[in-house]
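Chemist: The following file, final-v2.txt, comprises compact mmCIF, C-alpha atoms:
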# COMPACT_ATOMS: atom_id res chain seq x y z
CA MET A 1 -25.79 -18.82 12.93
CA TYR A 2 -23.59 -17.74 10.00
CA ASP A 3 -21.98 -14.28 9.94
CA SER A 4 -20.64 -12.75 6.76
CA LEU A 5 -16.90 -13.29 6.36
CA ARG A 6 -16.86 -10.33 4.01
CA MET A 7 -18.18 -8.02 6.72
CA GLN A 8 -15.79 -9.47 9.28
CA SER A 9 -12.94 -8.28 7.06
CA VAL A 10 -14.22 -4.68 7.13
CA GLN A 11 -12.48 -2.52 9.70
CA THR A 12 -14.52 -1.29 12.67
CA PRO A 13 -15.45 2.40 12.23
CA ILE A 14 -13.10 4.37 14.46
CA ILE A 15 -15.37 7.35 15.21
CA PRO A 16 -17.84 5.31 17.33
CA VAL A 17 -14.94 3.58 19.11
CA VAL A 18 -13.38 6.90 20.09
CA GLY A 19 -16.86 8.21 20.90
CA GLU A 20 -17.32 5.46 23.50
CA LEU A 21 -14.00 6.39 25.11
CA ILE A 22 -15.09 10.04 25.21
CA ARG A 23 -18.39 9.13 26.87
CA ALA A 24 -16.52 7.03 29.43
CA ASN A 25 -14.34 10.04 30.26
CA PRO A 26 -16.64 13.03 30.87
CA GLY A 27 -15.15 16.42 30.17
CA THR A 28 -13.08 15.21 27.23
CA ILE A 29 -12.69 17.73 24.40
CA SER A 30 -12.90 16.02 21.03
CA LEU A 31 -10.45 16.85 18.28
CA GLY A 32 -11.66 13.67 16.61
CA GLN A 33 -14.73 13.79 14.40
CA GLY A 34 -14.58 15.94 11.29
CA VAL A 35 -17.60 18.24 11.35
CA ALA A 36 -18.04 22.00 11.12
CA TYR A 37 -18.68 24.03 14.27
CA TYR A 38 -21.67 25.81 12.69
CA GLY A 39 -25.07 24.83 11.31
CA PRO A 40 -26.89 25.60 8.05
CA PRO A 41 -27.81 29.11 6.89
CA PRO A 42 -31.29 30.45 7.78
CA GLU A 43 -32.38 29.97 4.16
CA ALA A 44 -32.25 26.21 4.68
CA GLY A 45 -35.03 26.44 7.27
CA GLN A 46 -37.01 28.87 5.16
CA TYR A 47 -37.03 26.53 2.19
CA ILE A 48 -38.35 23.68 4.33
CA GLN A 49 -41.62 25.61 4.32
CA ARG A 50 -41.83 24.90 0.59
CA PHE A 51 -41.61 21.22 1.41
CA PHE A 52 -44.61 21.41 3.74
CA ALA A 53 -46.55 23.63 1.34
CA ASP A 54 -46.95 20.76 -1.15
CA PRO A 55 -48.54 17.50 0.10
CA GLN A 56 -46.91 15.69 -2.83
CA ASN A 57 -43.55 16.19 -1.15
CA HIS A 58 -44.45 13.48 1.36
CA LYS A 59 -44.28 10.93 -1.46
CA TYR A 60 -41.28 9.43 -3.23
CA LYS A 61 -39.50 11.70 -5.66
CA LEU A 62 -36.99 11.12 -8.47
CA VAL A 63 -34.08 8.83 -7.64
CA GLN A 64 -31.63 11.45 -8.92
CA GLY A 65 -33.06 14.38 -6.94
CA ILE A 66 -35.69 17.09 -7.16
CA PRO A 67 -35.44 19.45 -10.18
CA GLU A 68 -34.97 22.55 -8.02
CA LEU A 69 -31.86 21.14 -6.36
CA LEU A 70 -30.45 19.69 -9.57
CA GLU A 71 -30.77 23.13 -11.17
CA ALA A 72 -28.99 24.81 -8.25
CA ILE A 73 -26.18 22.24 -8.37
CA GLU A 74 -25.71 22.58 -12.12
CA LYS A 75 -25.40 26.36 -11.76
CA LYS A 76 -22.93 26.02 -8.89
CA LEU A 77 -20.75 23.52 -10.77
CA ALA A 78 -20.50 25.79 -13.79
CA GLU A 79 -19.74 28.95 -11.83
CA GLU A 80 -17.42 27.59 -9.14
CA ASN A 81 -15.88 24.38 -10.47
CA GLY A 82 -15.74 24.94 -14.21
CA ILE A 83 -17.78 21.76 -14.70
CA ARG A 84 -20.41 22.29 -17.35
CA VAL A 85 -22.67 19.27 -17.29
CA GLY A 86 -23.39 18.20 -20.85
CA ALA A 87 -25.80 15.75 -22.44
CA ASP A 88 -23.31 12.93 -21.86
CA GLN A 89 -23.29 13.50 -18.09
CA ARG A 90 -25.68 13.32 -15.18
CA ILE A 91 -25.97 14.85 -11.70
CA VAL A 92 -27.27 12.46 -9.04
CA VAL A 93 -28.16 13.76 -5.57
CA THR A 94 -27.02 11.35 -2.86
CA ALA A 95 -27.32 10.93 0.90
CA GLY A 96 -23.92 12.54 1.41
CA ALA A 97 -20.66 12.01 -0.46
CA ASN A 98 -20.12 8.64 1.24
CA MET A 99 -23.16 7.26 -0.54
CA GLY A 100 -21.88 8.73 -3.77
CA PHE A 101 -18.67 6.78 -3.31
CA VAL A 102 -20.51 3.53 -2.59
CA ASN A 103 -22.68 4.13 -5.67
CA ALA A 104 -19.56 4.60 -7.79
CA VAL A 105 -17.78 1.50 -6.48
CA LEU A 106 -20.79 -0.76 -7.03
CA ALA A 107 -21.45 0.70 -10.48
CA ILE A 108 -17.95 0.23 -11.93
CA THR A 109 -16.61 -2.94 -10.28
CA ASP A 110 -17.11 -6.68 -10.05
CA PRO A 111 -15.88 -8.81 -7.13
CA GLY A 112 -12.09 -9.05 -7.17
CA ASP A 113 -11.56 -5.76 -9.00
CA GLU A 114 -9.12 -3.17 -7.66
CA ILE A 115 -9.40 0.50 -6.77
CA ILE A 116 -6.32 2.59 -6.05
CA LEU A 117 -6.32 4.63 -2.85
CA ASN A 118 -3.56 7.02 -1.85
CA LEU A 119 -2.15 6.56 1.64
CA PRO A 120 -3.23 7.63 4.11
CA TYR A 121 -6.74 6.85 2.86
CA TYR A 122 -10.14 7.98 4.12
CA PHE A 123 -11.28 4.94 6.07
CA ASN A 124 -14.86 4.87 4.75
CA HIS A 125 -13.50 4.58 1.20
CA GLU A 126 -11.46 1.53 2.11
CA MET A 127 -14.43 0.04 3.97
CA ALA A 128 -16.75 0.51 0.98
CA ILE A 129 -14.28 -1.19 -1.36
CA THR A 130 -13.98 -4.16 0.99
CA MET A 131 -17.76 -4.43 1.33
CA ALA A 132 -18.01 -4.63 -2.46
CA ASP A 133 -15.65 -7.65 -2.44
CA CYS A 134 -13.00 -5.60 -4.15
CA LYS A 135 -9.40 -4.83 -3.25
CA ALA A 136 -8.03 -1.47 -2.17
CA VAL A 137 -4.56 -1.06 -3.67
CA CYS A 138 -2.72 1.46 -1.53
CA VAL A 139 -0.12 3.83 -3.00
CA PRO A 140 2.08 5.87 -0.64
CA THR A 141 2.16 9.65 -0.82
CA ASP A 142 5.35 11.60 -0.20
CA GLU A 143 6.55 13.01 3.12
CA ASN A 144 4.11 15.93 2.77
CA TYR A 145 1.21 13.61 1.88
CA GLN A 146 1.29 14.72 -1.76
CA LEU A 147 0.40 12.40 -4.65
CA GLN A 148 3.07 10.45 -6.52
CA PRO A 149 1.63 9.98 -10.03
CA ASP A 150 4.37 7.62 -11.23
CA ASP A 151 3.68 5.28 -8.33
CA ILE A 152 -0.05 5.49 -9.05
CA GLU A 153 0.49 4.51 -12.66
CA ASN A 154 2.80 1.65 -11.68
CA ALA A 155 0.07 0.26 -9.39
CA ILE A 156 -2.48 -0.08 -12.22
CA THR A 157 -3.24 -3.65 -13.30
CA SER A 158 -5.77 -5.33 -15.56
CA ARG A 159 -8.18 -5.41 -12.59
CA THR A 160 -7.88 -1.71 -11.74
CA ARG A 161 -11.13 0.17 -12.21
CA ALA A 162 -10.43 3.57 -10.65
CA VAL A 163 -7.98 5.88 -8.92
CA VAL A 164 -9.38 7.88 -5.98
CA THR A 165 -8.17 11.35 -5.03
CA ILE A 166 -9.44 13.52 -2.17
CA SER A 167 -8.53 17.19 -2.34
CA PRO A 168 -8.56 19.00 0.03
CA ASN A 169 -7.70 15.81 1.83
CA ASN A 170 -9.13 13.88 4.72
CA PRO A 171 -7.17 12.89 6.85
CA THR A 172 -4.06 14.93 5.95
CA GLY A 173 -5.31 18.41 5.05
CA ALA A 174 -3.15 18.31 1.91
CA VAL A 175 -4.34 20.20 -1.18
CA TYR A 176 -3.23 18.65 -4.48
CA PRO A 177 -1.93 21.10 -7.11
CA GLU A 178 -3.81 21.41 -10.39
CA PRO A 179 -0.93 20.05 -12.55
CA VAL A 180 -0.72 16.89 -10.45
CA LEU A 181 -4.47 16.28 -10.57
CA ARG A 182 -4.37 16.82 -14.32
CA GLN A 183 -1.58 14.25 -14.57
CA VAL A 184 -3.54 11.67 -12.56
CA ASN A 185 -6.67 12.34 -14.60
CA ASP A 186 -4.72 11.87 -17.83
CA ILE A 187 -3.26 8.59 -16.56
CA CYS A 188 -6.81 7.38 -15.95
CA ARG A 189 -7.87 8.46 -19.43
CA GLN A 190 -4.95 6.69 -21.07
CA ARG A 191 -5.43 3.49 -19.08
CA GLY A 192 -9.21 3.35 -19.56
CA ILE A 193 -10.13 3.62 -15.87
CA TYR A 194 -12.10 6.12 -13.80
CA HIS A 195 -10.81 9.02 -11.75
CA ILE A 196 -13.02 9.34 -8.65
CA SER A 197 -12.50 12.85 -7.29
CA ASP A 198 -13.84 13.47 -3.77
CA GLU A 199 -14.23 17.22 -3.25
CA ALA A 200 -16.22 17.40 0.00
CA TYR A 201 -13.82 20.01 1.47
CA GLU A 202 -13.56 22.21 -1.63
CA TYR A 203 -14.13 25.50 0.24
CA PHE A 204 -11.62 24.77 3.00
CA THR A 205 -8.31 26.09 1.67
CA TYR A 206 -5.71 28.33 3.33
CA ASP A 207 -2.51 30.28 2.72
CA GLY A 208 -3.13 30.76 -0.99
CA ALA A 209 -3.90 27.12 -1.81
CA LYS A 210 -6.55 26.69 -4.51
CA HIS A 211 -9.01 23.88 -5.06
CA PHE A 212 -9.17 22.33 -8.53
CA SER A 213 -11.89 20.06 -9.93
CA PRO A 214 -10.59 17.40 -12.35
CA GLY A 215 -14.07 17.23 -13.85
CA SER A 216 -13.40 20.64 -15.42
CA ILE A 217 -10.61 19.22 -17.62
CA GLU A 218 -11.53 19.22 -21.29
CA GLY A 219 -12.27 15.67 -22.44
CA SER A 220 -12.54 14.29 -18.90
CA SER A 221 -16.31 13.83 -18.69
CA GLN A 222 -16.37 10.15 -19.65
CA HIS A 223 -13.77 8.90 -17.17
CA THR A 224 -14.25 11.27 -14.22
CA ILE A 225 -16.67 10.79 -11.31
CA SER A 226 -16.86 13.89 -9.11
CA LEU A 227 -18.23 13.71 -5.56
CA PHE A 228 -19.46 16.71 -3.57
CA SER A 229 -21.16 17.30 -0.23
CA LEU A 230 -22.99 19.99 1.72
CA SER A 231 -22.06 18.36 5.04
CA LYS A 232 -18.93 20.39 5.77
CA ALA A 233 -19.14 23.82 4.17
CA TYR A 234 -22.82 24.37 4.93
CA GLY A 235 -22.89 22.73 8.38
CA PHE A 236 -25.24 20.15 6.89
CA ALA A 237 -23.79 16.89 8.23
CA SER A 238 -26.92 15.24 9.64
CA TRP A 239 -29.09 16.31 6.69
CA ARG A 240 -27.20 13.85 4.47
CA ILE A 241 -27.08 15.64 1.13
CA GLY A 242 -24.33 15.39 -1.46
CA TRP A 243 -24.15 14.71 -5.17
CA MET A 244 -22.12 13.05 -7.86
CA VAL A 245 -21.36 14.04 -11.45
CA ILE A 246 -21.12 10.93 -13.61
CA PRO A 247 -20.96 9.85 -17.25
CA GLU A 248 -24.48 9.23 -18.53
CA ARG A 249 -23.75 5.53 -19.12
CA LEU A 250 -23.37 5.04 -15.35
CA PHE A 251 -26.78 6.48 -14.55
CA MET A 252 -28.72 3.25 -15.00
CA PRO A 253 -26.53 1.14 -12.68
CA ILE A 254 -26.41 3.95 -10.11
CA ARG A 255 -30.16 4.38 -10.40
CA LYS A 256 -30.56 0.69 -9.55
CA ILE A 257 -28.25 0.99 -6.56
CA GLN A 258 -29.79 4.15 -5.18
CA ASP A 259 -33.36 2.98 -5.73
CA THR A 260 -32.58 -0.20 -3.80
CA ILE A 261 -30.83 1.44 -0.87
CA LEU A 262 -32.53 4.82 -0.65
CA ILE A 263 -35.36 5.10 -3.23
CA CYS A 264 -34.72 8.85 -3.25
CA PRO A 265 -32.66 11.28 -1.19
CA PRO A 266 -34.71 12.67 1.74
CA VAL A 267 -36.93 15.26 0.11
CA ILE A 268 -37.13 17.56 3.13
CA SER A 269 -33.32 17.64 3.21
CA GLN A 270 -33.22 18.40 -0.50
CA TRP A 271 -35.45 21.44 -0.03
CA ALA A 272 -33.22 22.61 2.83
CA ALA A 273 -30.25 22.13 0.49
CA VAL A 274 -31.89 24.35 -2.15
CA GLY A 275 -32.16 27.08 0.48
CA ALA A 276 -28.56 26.59 1.61
CA MET A 277 -27.27 26.85 -1.94
CA HIS A 278 -29.26 30.02 -2.49
CA ALA A 279 -27.40 31.47 0.51
CA GLY A 280 -24.29 30.45 -1.39
CA ARG A 281 -20.59 30.27 -0.82
CA ALA A 282 -20.50 33.63 0.98
CA TYR A 283 -22.17 32.02 3.99
CA CYS A 284 -19.42 29.43 4.24
CA GLN A 285 -16.60 31.93 3.68
CA ASP A 286 -17.87 34.04 6.57
CA LYS A 287 -17.80 31.01 8.89
CA LEU A 288 -14.33 30.02 7.70
CA ARG A 289 -12.78 33.08 9.32
CA GLU A 290 -13.01 31.39 12.72
CA THR A 291 -11.81 28.06 11.32
CA ARG A 292 -8.74 29.79 9.89
CA GLU A 293 -8.01 31.38 13.25
CA ILE A 294 -8.30 28.03 15.04
CA ARG A 295 -5.99 26.45 12.46
CA ARG A 296 -3.41 29.19 13.12
CA LEU A 297 -3.71 28.63 16.85
CA ALA A 298 -3.30 24.86 16.45
CA LEU A 299 -0.19 25.16 14.29
CA GLU A 300 1.43 27.67 16.66
CA SER A 301 0.69 25.52 19.71
CA LEU A 302 2.03 22.33 18.12
CA ARG A 303 5.30 24.08 17.25
CA GLN A 304 6.02 24.00 20.99
CA ILE A 305 6.60 20.25 20.69
CA GLU A 306 8.15 20.08 17.23
CA ASP A 307 10.94 17.95 18.72
CA LEU A 308 8.27 15.32 19.41
CA VAL A 309 5.77 15.81 16.59
CA THR A 310 6.03 16.82 12.92
CA ILE A 311 3.09 18.47 11.17
CA PRO A 312 3.43 18.14 7.37
CA ARG A 313 2.00 21.00 5.35
CA ALA A 314 -1.79 21.06 5.52
CA ASP A 315 -3.39 23.80 3.41
CA GLY A 316 -6.92 22.45 3.34
CA ALA A 317 -9.90 20.75 5.01
CA PHE A 318 -9.75 21.06 8.82
CA TYR A 319 -7.27 18.34 9.68
CA LEU A 320 -3.65 17.99 10.67
CA LEU A 321 -2.09 14.53 10.47
CA ALA A 322 0.64 14.68 13.08
CA ARG A 323 3.65 12.41 12.71
CA VAL A 324 4.73 11.41 16.22
CA HIS A 325 8.44 10.69 16.58
CA ALA A 326 7.90 7.14 17.79
CA ASP A 327 8.34 3.64 16.43
CA PRO A 328 4.98 1.82 16.83
CA THR A 329 6.69 -1.58 16.57
CA ARG A 330 8.72 -1.02 19.78
CA SER A 331 7.51 -1.17 23.36
CA GLY A 332 7.47 1.76 25.73
CA ALA A 333 6.92 5.45 25.03
CA ALA A 334 9.46 5.42 22.18
CA GLY A 335 7.35 2.83 20.39
CA MET A 336 3.88 4.17 21.18
CA ASP A 337 1.01 2.39 19.47
CA PRO A 338 -1.25 5.09 17.92
CA MET A 339 -4.48 3.64 19.35
CA ARG A 340 -2.95 3.26 22.79
CA LEU A 341 -1.61 6.81 22.57
CA ALA A 342 -5.07 8.12 21.60
CA GLN A 343 -6.59 6.19 24.50
CA ARG A 344 -4.11 7.61 27.00
CA LEU A 345 -4.75 11.14 25.75
CA ILE A 346 -8.45 10.66 26.45
CA GLU A 347 -8.11 8.92 29.80
CA GLU A 348 -5.22 10.95 31.24
CA HIS A 349 -5.54 14.35 29.54
CA LYS A 350 -9.21 14.57 28.46
CA VAL A 351 -8.57 15.26 24.77
CA ALA A 352 -9.48 13.00 21.85
CA VAL A 353 -7.78 12.50 18.47
CA ILE A 354 -7.95 9.70 15.88
CA PRO A 355 -5.14 7.12 15.48
CA GLY A 356 -3.51 6.95 12.07
CA THR A 357 -3.82 3.18 11.80
CA THR A 358 -7.46 3.61 10.77
CA PHE A 359 -6.21 5.50 7.68
CA GLY A 360 -4.09 2.57 6.55
CA ILE A 361 -0.73 3.59 8.05
CA GLN A 362 0.77 0.83 10.17
CA ASP A 363 4.48 1.65 10.27
CA GLN A 364 4.28 5.18 11.69
CA CYS A 365 2.67 6.72 14.75
CA LEU A 366 0.18 9.21 13.29
CA LEU A 367 -2.65 11.14 14.94
CA ARG A 368 -5.39 13.01 13.07
CA ILE A 369 -6.28 16.29 14.72
CA ALA A 370 -9.63 17.75 13.61
CA TYR A 371 -10.01 21.44 14.45
CA GLY A 372 -13.20 22.36 12.60
CA ALA A 373 -15.86 21.33 15.12
CA LEU A 374 -15.10 23.65 18.01
CA GLN A 375 -15.49 27.31 18.89
CA LYS A 376 -12.21 29.15 19.42
CA ASP A 377 -12.05 29.04 23.24
CA THR A 378 -12.87 25.33 23.42
CA ALA A 379 -10.47 24.54 20.60
CA ALA A 380 -7.69 26.45 22.37
CA GLU A 381 -8.28 24.45 25.55
CA GLY A 382 -8.37 21.16 23.64
CA ILE A 383 -5.18 21.89 21.70
CA GLY A 384 -3.48 22.97 24.91
CA ARG A 385 -4.40 19.66 26.52
CA LEU A 386 -3.10 17.79 23.47
CA VAL A 387 0.27 19.56 23.53
CA HIS A 388 0.62 19.03 27.28
CA GLY A 389 -0.49 15.41 27.05
CA LEU A 390 1.88 14.51 24.23
CA ARG A 391 4.79 16.12 26.03
CA ARG A 392 4.03 14.22 29.24
CA ILE A 393 3.48 10.85 27.57
CA LEU A 394 6.28 10.94 25.01
CA THR A 395 8.96 12.18 27.40
CA ALA A 396 8.05 9.93 30.33
As structure tokens - that is how I would like this structure written.
Modeler:
Amino acid sequence: MYDSLRMQSVQTPIIPVVGELIRANPGTISLGQGVAYYGPPPEAGQYIQRFFADPQNHKYKLVQGIPELLEAIEKKLAEENGIRVGADQRIVVTAGANMGFVNAVLAITDPGDEIILNLPYYFNHEMAITMADCKAVCVPTDENYQLQPDDIENAITSRTRAVVTISPNNPTGAVYPEPVLRQVNDICRQRGIYHISDEAYEYFTYDGAKHFSPGSIEGSSQHTISLFSLSKAYGFASWRIGWMVIPERLFMPIRKIQDTILICPPVISQWAAVGAMHAGRAYCQDKLRETREIRRLALESLRQIEDLVTIPRADGAFYLLARVHADPTRSGAAGMDPMRLAQRLIEEHKVAVIPGTTFGIQDQCLLRIAYGALQKDTAAEGIGRLVHGLRRILTA
């Protein structure tokens, strides 16, 4: 039987791989998967009653989303992001921001086209590009994982269709300053390509960092694709609701894609999303107090091994991308392979992190530490195990 060569070239998703290791080692605390520690606001459950109140809700609805949710999103975008959706734009509700990204890639590319990702990339973005028979062109960030606009511009070719930015960033936690995002957006405008802006972690900023939406830039509406999600800020991960803001001309191709894959976003989840958005940002900000405290605890604990691990500045999301002082091309502890290091941390110290190789970095030993999923006491125990484990392994 024939198996797709295209799919064989797609990297294996790392979260299930690490999940199997965790299951094989009971008692492991996971600092791996990026989810929030809390669930949706009560209003989400209350609005589900509206779903059951109308028998028509059990039938297919509009590809782009139910009117009640589209209205709530439009209001939110105007008030919080400075994005005022005009007649030349469209909001499309998706099954999470990942689906929004797949929609965008399929809508704007042909096989062999290129999309620029900044390293380290979010692995699902690279996977989606490969699945579409396109090429991910990877541009390094600086030592603090910040964008380098000149390098981005130099990477653009006749086959480039988009530049992708994620701010606040997964996997690094970096927040990109407004002037830099404006510069990247203007490069895209001048070169006639799209700026895909993934803003799933928009509420997760710390120490005075501010989130900026490139879609709010005057004159950006026709070359900017903005992606949002309820999964993180509203504890909505399994409900699979996000949305994209697109130029109107992309609606027909995206409608074809979404109708084929999904028909319509799950209607019961959309009603829950309406309720969540009525609860509003205040719900998320209240929950973020504990996340901020866990972040502080993690940074303080990791300073104990700063001779072994560097933590570049991370003012957003709920990730730290630790740079281990090791050469992955050499044998022994001094040349620790990131996947092997992650495996040893699970098996020997019962704590899980994600190896940096899955984010496109091959020449450094990086580990992504996710601190958003755990309550404070559990997080403290997990971070303590990580610090102890790294010290034991790297100094052996």
Chemist: Counting only C-alpha atoms, which residues in range 186-249 of chain A sit no more than 12 Å from range 260-278 of chain A? For each one, give the nearest pair of atoms and the distance in Å, sorted by chain then residue number, as a tab-separated table.
Modeler:
residue	atom	partner	partner_atom	distance
A:Ser229	CA	A:Ala273	CA	10.3
A:Leu230	CA	A:Ala273	CA	7.7
A:Ser231	CA	A:Ala273	CA	10.1
A:Ala233	CA	A:Ala276	CA	10.1
A:Tyr234	CA	A:Ala276	CA	7.0
A:Gly235	CA	A:Ala276	CA	9.6
A:Phe236	CA	A:Ala273	CA	8.4
A:Ala237	CA	A:Ser269	CA	10.8
A:Ser238	CA	A:Ser269	CA	9.4
A:Trp239	CA	A:Ser269	CA	5.6
A:Arg240	CA	A:Ser269	CA	7.3
A:Ile241	CA	A:Ser269	CA	6.9
A:Gly242	CA	A:Ala273	CA	9.2
A:Trp243	CA	A:Pro265	CA	10.0
Chemist: Hey, which of A:Arg90, A:Arg292, A:Lys76, A:Arg84 ends up closest to Phe251 in chain A? Count all atoms listed in the file.
Modeler: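 When distances to Phe251 in chain A are compared using all atoms listed in the file, the smallest one comes from A:Arg90.
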Chemist: Determine the axis-aligned bounding box of all atoms of range 358-375 of chain A present in the file, pad each side by 5 Å, and express its centre and edge lengths in Å to one decimal place as AutoDock Vina command-line options.
Modeler:
--center_x -5.7 --center_y 14.1 --center_z 12.7 --size_x 30.3 --size_y 36.5 --size_z 22.3
Chemist: From the set A:Ile346, A:Val351, A:Met252, A:Ala379, which residue has the shortest atom-to-atom contact distance to Val63 in chain A, counting all atoms listed in the file?
Modeler: A:Met252
Chemist: Looking at only C-alpha atoms, which of A:Leu62, A:Ile369, A:Leu390, A:Met127 is the one that sits closest to Gln258 in chain A?
Modeler: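 Result for the nearest residue to Gln258 in chain A: A:Leu62.
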Chemist: Please list, as number ranges by chain, the residues that have an atom at most 10 Å away from (3.2, 10.6, 24.5) in the coordinates of this file, counting only C-alpha atoms.
Modeler: A: 308-309, 324-326, 332-338, 340-342, 344-345, 386-396
Chemist: Compare A:Thr130, A:Ser167, A:Ser213, A:Gln343 by their minimum atom-to-atom distance to Asn118 in chain A, counting all atoms listed in the file, and give me the closest one.
Modeler: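 Of A:Thr130, A:Ser167, A:Ser213, A:Gln343, the one nearest Asn118 in chain A, counting all atoms listed in the file, is A:Ser167.
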Chemist: Please indicate the distance in Å from CA of Thr12 in chain A to CA of Thr358 in chain A, rounded to one decimal place.
Modeler: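 Spanning CA of Thr12 in chain A to CA of Thr358 in chain A is a straight-line distance of 8.8 Å.
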Chemist: List the neighbours of range 15-19 of chain A out to 7 Å using only C-alpha atoms; skip same-chain residues closer than 3 positions along the sequence, and give me the result as a ChimeraX atom specification.
Modeler: /A:22-23,33
